[in-house]
Amino acid sequence: MKQPAPQTIHLSDYRPFTHVIESVHLTFRLAPKATRVLSRIVFAPNPAAEPGALFLHGEDLTLIRATIDGAEVTPEITDTGLTCAVPEGRFTWEAEVEISPATNTALEGLYMSNGMYCTQCEAEGFRKITYYPDRPDVMAPFTVRIEGDLPVLLSNGNPTDHGAGWAEWTDPWRKPSYLFALVAGDLVAHQDRFTTRSGREVALNIWVRSGDEDKCAFAMDALKRSMTWDEDVYGREYDLDVFNIVAVDDFNAGAMENKGLNVFNAALVLASPETATDANYERIESVIAHEYFHNWTGNRITCRDWFQLCLKEGLTVFRDQQFSGDMRSHAVKRIDDVLALRARQFREDNGPLAHPVRPESFVEVNNFYTATVYDKGAELIGMLKTLVGDEGYAKALDLYFERHDGHAATIEDWLKVFEDATGRDLSQFKLWYSQAGTPRVSVEDSFADGTYTLTFSQSTPPTPGQPDKRPLLIPIAVGLLSPNGEEVVPTRVLELTKPRQSFTFEGLGARPVPSILRNFSAPVTLRRESSADERAFLLTHDTDPFNRWEAGRSLAKDVLVALVTEAADPAPAFLDGLDTLVRDDSLDPAFRALALSLPGQDDMAQTLFDAGTTPDPDRIHAAERQLGRAIAGRLGTTLADLYDALHVPDERYSPDAEAAGRRALRQTALRYLSLIDDGARAKGQFEEADNMTAQVGALTCLLDIDQADAALADFRHQWHGKRLVMDKWFGLQANLSRPDKAVAVTRALTNDPDFDWKNPNRFRAVIGGLSANAAGFHDPSGAGYALVADWLIRLDPVNPQTAARMTTAFETWRRYDADRQALIGETLERIAATPGLSRDTAEMVGRILGR
Ligand code: B3K
Ligand code: ZN
């Protein structure tokens, strides 16, 4: 069937569905190229909707037969679904369709991955399984029978019956079709149990391919901690007798929260000390938690339509961030989250793909699973909590669960519970959901007669379709320090509501040093003229760990900007401050590692661009190197001492936060030291490494200094055939190779017999790796652009979702010089002109081009 014609869907067009569904029975007769799906659905008129004919979504389906109340019907079928005249009252629809999971390379709907059947239905994949009202506001209880000659047959809910070659599952909780899942395969389970606080016994299983069962213990532990945490912190219990997680090799996203049957990208489940890094462990913990938390925020309360996606995603990201903070360190977690927000969401918000947290229109909804919806969405929850306080937040959440359980809700419903629970008027706050762009907040201060005044101005730059912006309600957490470093005014939240507004602090003995936007209390760009001395003071004295780190980061940025624009030497004061901080053993090693790491090249490009300088990726790369060497030179002894002292001989690897923090600081030290010791330590560490964190750490340093050939060969020899580990081998080379050879290295990787490009993890490792190698990707010849475009064009017909997502490599193009812009413009036009381009990629490229 041909591609459905691209059509723009608008939030304002929402209409309730004509019918409600009382029950759904599905039977799957599995066969790789000819799976039969039989559906029996009981419909009744929706009293809240206009009556009408029945429209059911359906794509790439072969309809074998359809009946209504047992009588054959001949619906009118198009590329996007079918329409059928139906009786006025309640009726039973039955249909049989045929689909081909084995040839479904888009990994949406029912597909096969290494001999196993699995599904991905969010957002609109269920329509590739059978005819159905595939929209989140249509909720129904499902019973599923699976027939197939594979030993493990899974679906949502509880197992209710089984026999030779078949199994039946019943999900008592009404759910939308996007939460449907089916898995069938030759799998083994890592099993455990959990007893909820009201005494429900839950069987927990992580299903993997044989040979991987020894890599599930950490994910299982993370799951049990998540279940306990949601009971303790949000009062939310699990609600089925089983909770299944399945690891899949071919998966477009990270994981999926299907009711009772979470499907995970294998990379986000499987971990052993030998094969996974500390960063992998941390990510597994947070994604396991995220998907589990969706059981309440997403599944029990779902979204009315896809424009409300942030209702479940922003809230669930916020919840997983709280959980990780509780499990690890809140200060370090906040810094990591802000780093990610700035790297991905600010980048998006400052470019042609900027869109509101609740978008108002889309062509392909899968293009809106973005950093803005997820991460800025989570920031909005954090701001609400700051504004109403912890108690207000708890009351509002209790009311949310009480009022909307079992329903498909909207952002209006969400804000209303806060208004009702706390009495606050949130109409101005609501603008955060509809207005795109990162607000700029600038601050001036003055001091007279013991009164200190902070004057804030806010403005939000124009974004596509939104030329004019209104002032937002911005919570700004502020504390004041006395000149000798004591906190004279503890953290207070100022509520900025106007374009320009002053706040005063009285009764001060001397002009204080302000610490503004503590804990990054709002997702804004703060501008304040302040001396390097003042920031060095905050780096040493601020009681807010985030702002302490931020002061150091801002100093580092100034130094890098000076290196790029004036070829100045790094300021000795900056290096001295860094040395003092890094040697302070009272500070968490993970925090010291963050304080010691430099802003990334993409961050610097945006910083320069914002300051009116056209960023040159080569110069930024060179400046980073120069500063790295200067740090290594000035802090050499400190770093070498740390590198030695942080090594605990014969220590058994443990992924806990404390041990991971020590390793992070040691790795940061090694990265600098490698710039001046010719890789001697890194080579030694690579030889001796007995865990993947140490091995990848050493390889990273050797790639940095272009001395990795031997290590790469050894690594490949050791890990050949281990998919997830080899993804690292591919990704690191594309990402870290020297700018002048990154494109050639990446091209060679794409010619490697192990470059299984239809596997999204492998494709992302290589093509995504080059896209994130700023100076390599932006090679002045345009060869980086061409290589990425060639592969996106090749992937697009096979897997449009992943291809479309990776077009974001080009989203920053307007920052660069005219030559690079011309090259990228031509590249984007070439992609856009590709015959048969998917609507996913066409929409993305069109938006990046500004159409
Ligand atoms: N809800 C899924 C994302 C599905 C992606 C669809 N293109 C994972 C998550 O956010 O938990
Ligand atoms: Zn999610």
# chains A, B, ... in the order shown; residues from 1 in each chain; ligands from 1
>>> residues_near_ligand(ligand="ligand 1", cutoff="9 Å", atoms="only C-alpha atoms and all ligand atoms", output="PyMOL selection string")
chain A and resi 108+120-125+179+252-258+287+290-292+294+298+309+312-313+316-317+365-369+374+801
>>> select_by_dssp(residues="segment 209-424 of chain A", states="alpha helix (DSSP H)", output="PyMOL selection string")
chain A and resi 217-234+278-293+309-327+330-340+347-349+371+377-404+411-422
>>> closest_residue(among="A:Thr370, A:Gln733, A:Ser521, A:Thr460", to="Leu387 of chain A", atoms="only C-alpha atoms")
A:Ser521
>>> residues_around(residues="segment 583-599 of chain A", least_positions_apart="5", cutoff="9 Å", atoms="only C-alpha atoms", output="number ranges by chain")
A: 329, 331-332, 335-336, 545, 548-550, 552-553, 556-557, 560, 578, 604, 624, 627-628, 638-639, 642, 657-658, 660-669
>>> atom_distance(atom1="atom CA of Phe307 of chain A", atom2="atom CA of Ala354 of chain A")
15.1 Å
>>> residues_around(residues="Ile129 of chain A", least_positions_apart="5", cutoff="8 Å", atoms="only C-alpha atoms", output="PyMOL selection string")
chain A and resi 37+58+61+99+109-110
>>> write_last_selection(atoms="C-alpha atoms", output="mmCIF file, in the first residue's frame")
data_model
loop_
_atom_site.group_PDB
_atom_site.id
_atom_site.type_symbol
_atom_site.label_atom_id
_atom_site.label_comp_id
_atom_site.auth_asym_id
_atom_site.auth_seq_id
_atom_site.Cartn_x
_atom_site.Cartn_y
_atom_site.Cartn_z
ATOM 1 C CA VAL A 37 -5.009 -11.377 13.719
ATOM 2 C CA GLY A 58 -5.539 0.488 9.757
ATOM 3 C CA LEU A 61 -3.219 -4.686 6.657
ATOM 4 C CA ILE A 99 0.210 -9.014 8.473
ATOM 5 C CA GLY A 109 3.497 -2.648 15.032
ATOM 6 C CA LEU A 110 4.274 -6.389 15.237
#
>>> atom_distance(atom1="atom CA of Phe91 of chain A", atom2="atom CA of Pro75 of chain A")
15.4 Å
>>> residues_around(residues="Pro739 of chain A", least_positions_apart="4", cutoff="8 Å", atoms="only C-alpha atoms", output="list of chain:residue names")
A:Asp618, A:Val743, A:Asn773, A:Ala775, A:Gly776, A:Phe777, A:Asp779
>>> atom_distance(atom1="atom CA of Ala44 of chain A", atom2="atom CA of Phe126 of chain A")
20.7 Å
>>> closest_residue(among="A:Leu415, A:Leu828, A:Ala340, A:Val373", to="Gly314 of chain A", atoms="only C-alpha atoms")
A:Val373
>>> residues_around(residues="Phe55 of chain A", least_positions_apart="5", cutoff="12 Å", atoms="only C-alpha atoms", output="list in words")
Phe17, Thr18, His19, Phe43, Pro75, Glu76, Ile77, Thr78, Thr80, Gly81, Leu82, Thr83, Cys84, Ala85, Val86, Trp93, Arg127, Tyr131, Tyr132, Pro133, Asp134 and Arg135 of chain A
>>> closest_residue(among="A:Trp757, A:Phe609, A:Phe418, A:Trp729", to="Tyr816 of chain A", atoms="only C-alpha atoms")
A:Phe609
>>> decode(residues="segment 454-481 of chain A", atoms="N, CA and C atoms", output="PDB file, in the first residue's frame")
ATOM      1  N   LEU A 454      17.608  43.381  43.330  1.00  0.00           N
ATOM      2  CA  LEU A 454      17.854  42.613  42.104  1.00  0.00           C
ATOM      3  C   LEU A 454      16.757  42.979  41.117  1.00  0.00           C
ATOM      4  N   THR A 455      17.163  43.390  39.925  1.00  0.00           N
ATOM      5  CA  THR A 455      16.183  43.731  38.900  1.00  0.00           C
ATOM      6  C   THR A 455      16.334  42.747  37.739  1.00  0.00           C
ATOM      7  N   PHE A 456      15.242  42.051  37.475  1.00  0.00           N
ATOM      8  CA  PHE A 456      15.243  41.030  36.417  1.00  0.00           C
ATOM      9  C   PHE A 456      14.480  41.536  35.199  1.00  0.00           C
ATOM     10  N   SER A 457      14.979  41.154  34.010  1.00  0.00           N
ATOM     11  CA  SER A 457      14.205  41.376  32.785  1.00  0.00           C
ATOM     12  C   SER A 457      14.085  40.026  32.110  1.00  0.00           C
ATOM     13  N   GLN A 458      12.926  39.785  31.528  1.00  0.00           N
ATOM     14  CA  GLN A 458      12.775  38.519  30.794  1.00  0.00           C
ATOM     15  C   GLN A 458      12.302  38.777  29.384  1.00  0.00           C
ATOM     16  N   SER A 459      12.764  37.934  28.460  1.00  0.00           N
ATOM     17  CA  SER A 459      12.227  37.957  27.105  1.00  0.00           C
ATOM     18  C   SER A 459      12.455  36.587  26.505  1.00  0.00           C
ATOM     19  N   THR A 460      11.569  36.199  25.620  1.00  0.00           N
ATOM     20  CA  THR A 460      11.722  34.903  24.951  1.00  0.00           C
ATOM     21  C   THR A 460      11.851  35.170  23.465  1.00  0.00           C
ATOM     22  N   PRO A 461      12.905  34.649  22.840  1.00  0.00           N
ATOM     23  CA  PRO A 461      13.100  34.950  21.417  1.00  0.00           C
ATOM     24  C   PRO A 461      12.009  34.322  20.551  1.00  0.00           C
ATOM     25  N   PRO A 462      11.805  34.860  19.361  1.00  0.00           N
ATOM     26  CA  PRO A 462      10.810  34.271  18.452  1.00  0.00           C
ATOM     27  C   PRO A 462      11.210  32.833  18.088  1.00  0.00           C
ATOM     28  N   THR A 463      10.220  32.014  17.863  1.00  0.00           N
ATOM     29  CA  THR A 463      10.459  30.642  17.397  1.00  0.00           C
ATOM     30  C   THR A 463       9.500  30.390  16.237  1.00  0.00           C
ATOM     31  N   PRO A 464       9.692  29.321  15.462  1.00  0.00           N
ATOM     32  CA  PRO A 464       8.835  29.116  14.296  1.00  0.00           C
ATOM     33  C   PRO A 464       7.347  29.198  14.633  1.00  0.00           C
ATOM     34  N   GLY A 465       6.659  30.080  13.946  1.00  0.00           N
ATOM     35  CA  GLY A 465       5.212  30.237  14.153  1.00  0.00           C
ATOM     36  C   GLY A 465       4.844  31.076  15.361  1.00  0.00           C
ATOM     37  N   GLN A 466       5.831  31.505  16.145  1.00  0.00           N
ATOM     38  CA  GLN A 466       5.540  32.299  17.353  1.00  0.00           C
ATOM     39  C   GLN A 466       6.461  33.518  17.412  1.00  0.00           C
ATOM     40  N   PRO A 467       6.135  34.566  16.634  1.00  0.00           N
ATOM     41  CA  PRO A 467       7.025  35.728  16.608  1.00  0.00           C
ATOM     42  C   PRO A 467       7.023  36.525  17.914  1.00  0.00           C
ATOM     43  N   ASP A 468       5.864  36.589  18.577  1.00  0.00           N
ATOM     44  CA  ASP A 468       5.768  37.428  19.778  1.00  0.00           C
ATOM     45  C   ASP A 468       5.514  36.580  21.006  1.00  0.00           C
ATOM     46  N   LYS A 469       6.228  36.921  22.077  1.00  0.00           N
ATOM     47  CA  LYS A 469       6.096  36.110  23.291  1.00  0.00           C
ATOM     48  C   LYS A 469       5.568  36.954  24.435  1.00  0.00           C
ATOM     49  N   ARG A 470       4.892  36.272  25.338  1.00  0.00           N
ATOM     50  CA  ARG A 470       4.392  36.956  26.530  1.00  0.00           C
ATOM     51  C   ARG A 470       5.285  36.638  27.722  1.00  0.00           C
ATOM     52  N   PRO A 471       5.257  37.504  28.751  1.00  0.00           N
ATOM     53  CA  PRO A 471       6.071  37.197  29.928  1.00  0.00           C
ATOM     54  C   PRO A 471       5.542  35.962  30.668  1.00  0.00           C
ATOM     55  N   LEU A 472       6.479  35.174  31.158  1.00  0.00           N
ATOM     56  CA  LEU A 472       6.134  33.933  31.844  1.00  0.00           C
ATOM     57  C   LEU A 472       6.241  34.122  33.356  1.00  0.00           C
ATOM     58  N   LEU A 473       5.645  33.195  34.090  1.00  0.00           N
ATOM     59  CA  LEU A 473       5.874  33.134  35.536  1.00  0.00           C
ATOM     60  C   LEU A 473       7.118  32.272  35.753  1.00  0.00           C
ATOM     61  N   ILE A 474       8.195  32.916  36.195  1.00  0.00           N
ATOM     62  CA  ILE A 474       9.477  32.218  36.314  1.00  0.00           C
ATOM     63  C   ILE A 474       9.908  32.192  37.782  1.00  0.00           C
ATOM     64  N   PRO A 475       9.959  31.012  38.380  1.00  0.00           N
ATOM     65  CA  PRO A 475      10.442  30.941  39.768  1.00  0.00           C
ATOM     66  C   PRO A 475      11.969  31.006  39.794  1.00  0.00           C
ATOM     67  N   ILE A 476      12.483  31.998  40.505  1.00  0.00           N
ATOM     68  CA  ILE A 476      13.933  32.157  40.556  1.00  0.00           C
ATOM     69  C   ILE A 476      14.394  32.030  41.998  1.00  0.00           C
ATOM     70  N   ALA A 477      15.080  30.942  42.272  1.00  0.00           N
ATOM     71  CA  ALA A 477      15.569  30.712  43.628  1.00  0.00           C
ATOM     72  C   ALA A 477      16.863  31.502  43.818  1.00  0.00           C
ATOM     73  N   VAL A 478      16.884  32.308  44.884  1.00  0.00           N
ATOM     74  CA  VAL A 478      18.019  33.201  45.120  1.00  0.00           C
ATOM     75  C   VAL A 478      18.488  33.062  46.566  1.00  0.00           C
ATOM     76  N   GLY A 479      19.794  33.094  46.765  1.00  0.00           N
ATOM     77  CA  GLY A 479      20.356  33.203  48.112  1.00  0.00           C
ATOM     78  C   GLY A 479      21.429  34.278  48.077  1.00  0.00           C
ATOM     79  N   LEU A 480      21.742  34.867  49.228  1.00  0.00           N
ATOM     80  CA  LEU A 480      22.772  35.914  49.259  1.00  0.00           C
ATOM     81  C   LEU A 480      23.894  35.525  50.215  1.00  0.00           C
ATOM     82  N   LEU A 481      25.103  35.793  49.778  1.00  0.00           N
ATOM     83  CA  LEU A 481      26.277  35.498  50.605  1.00  0.00           C
ATOM     84  C   LEU A 481      26.951  36.801  51.012  1.00  0.00           C
TER      85      LEU A 481
END
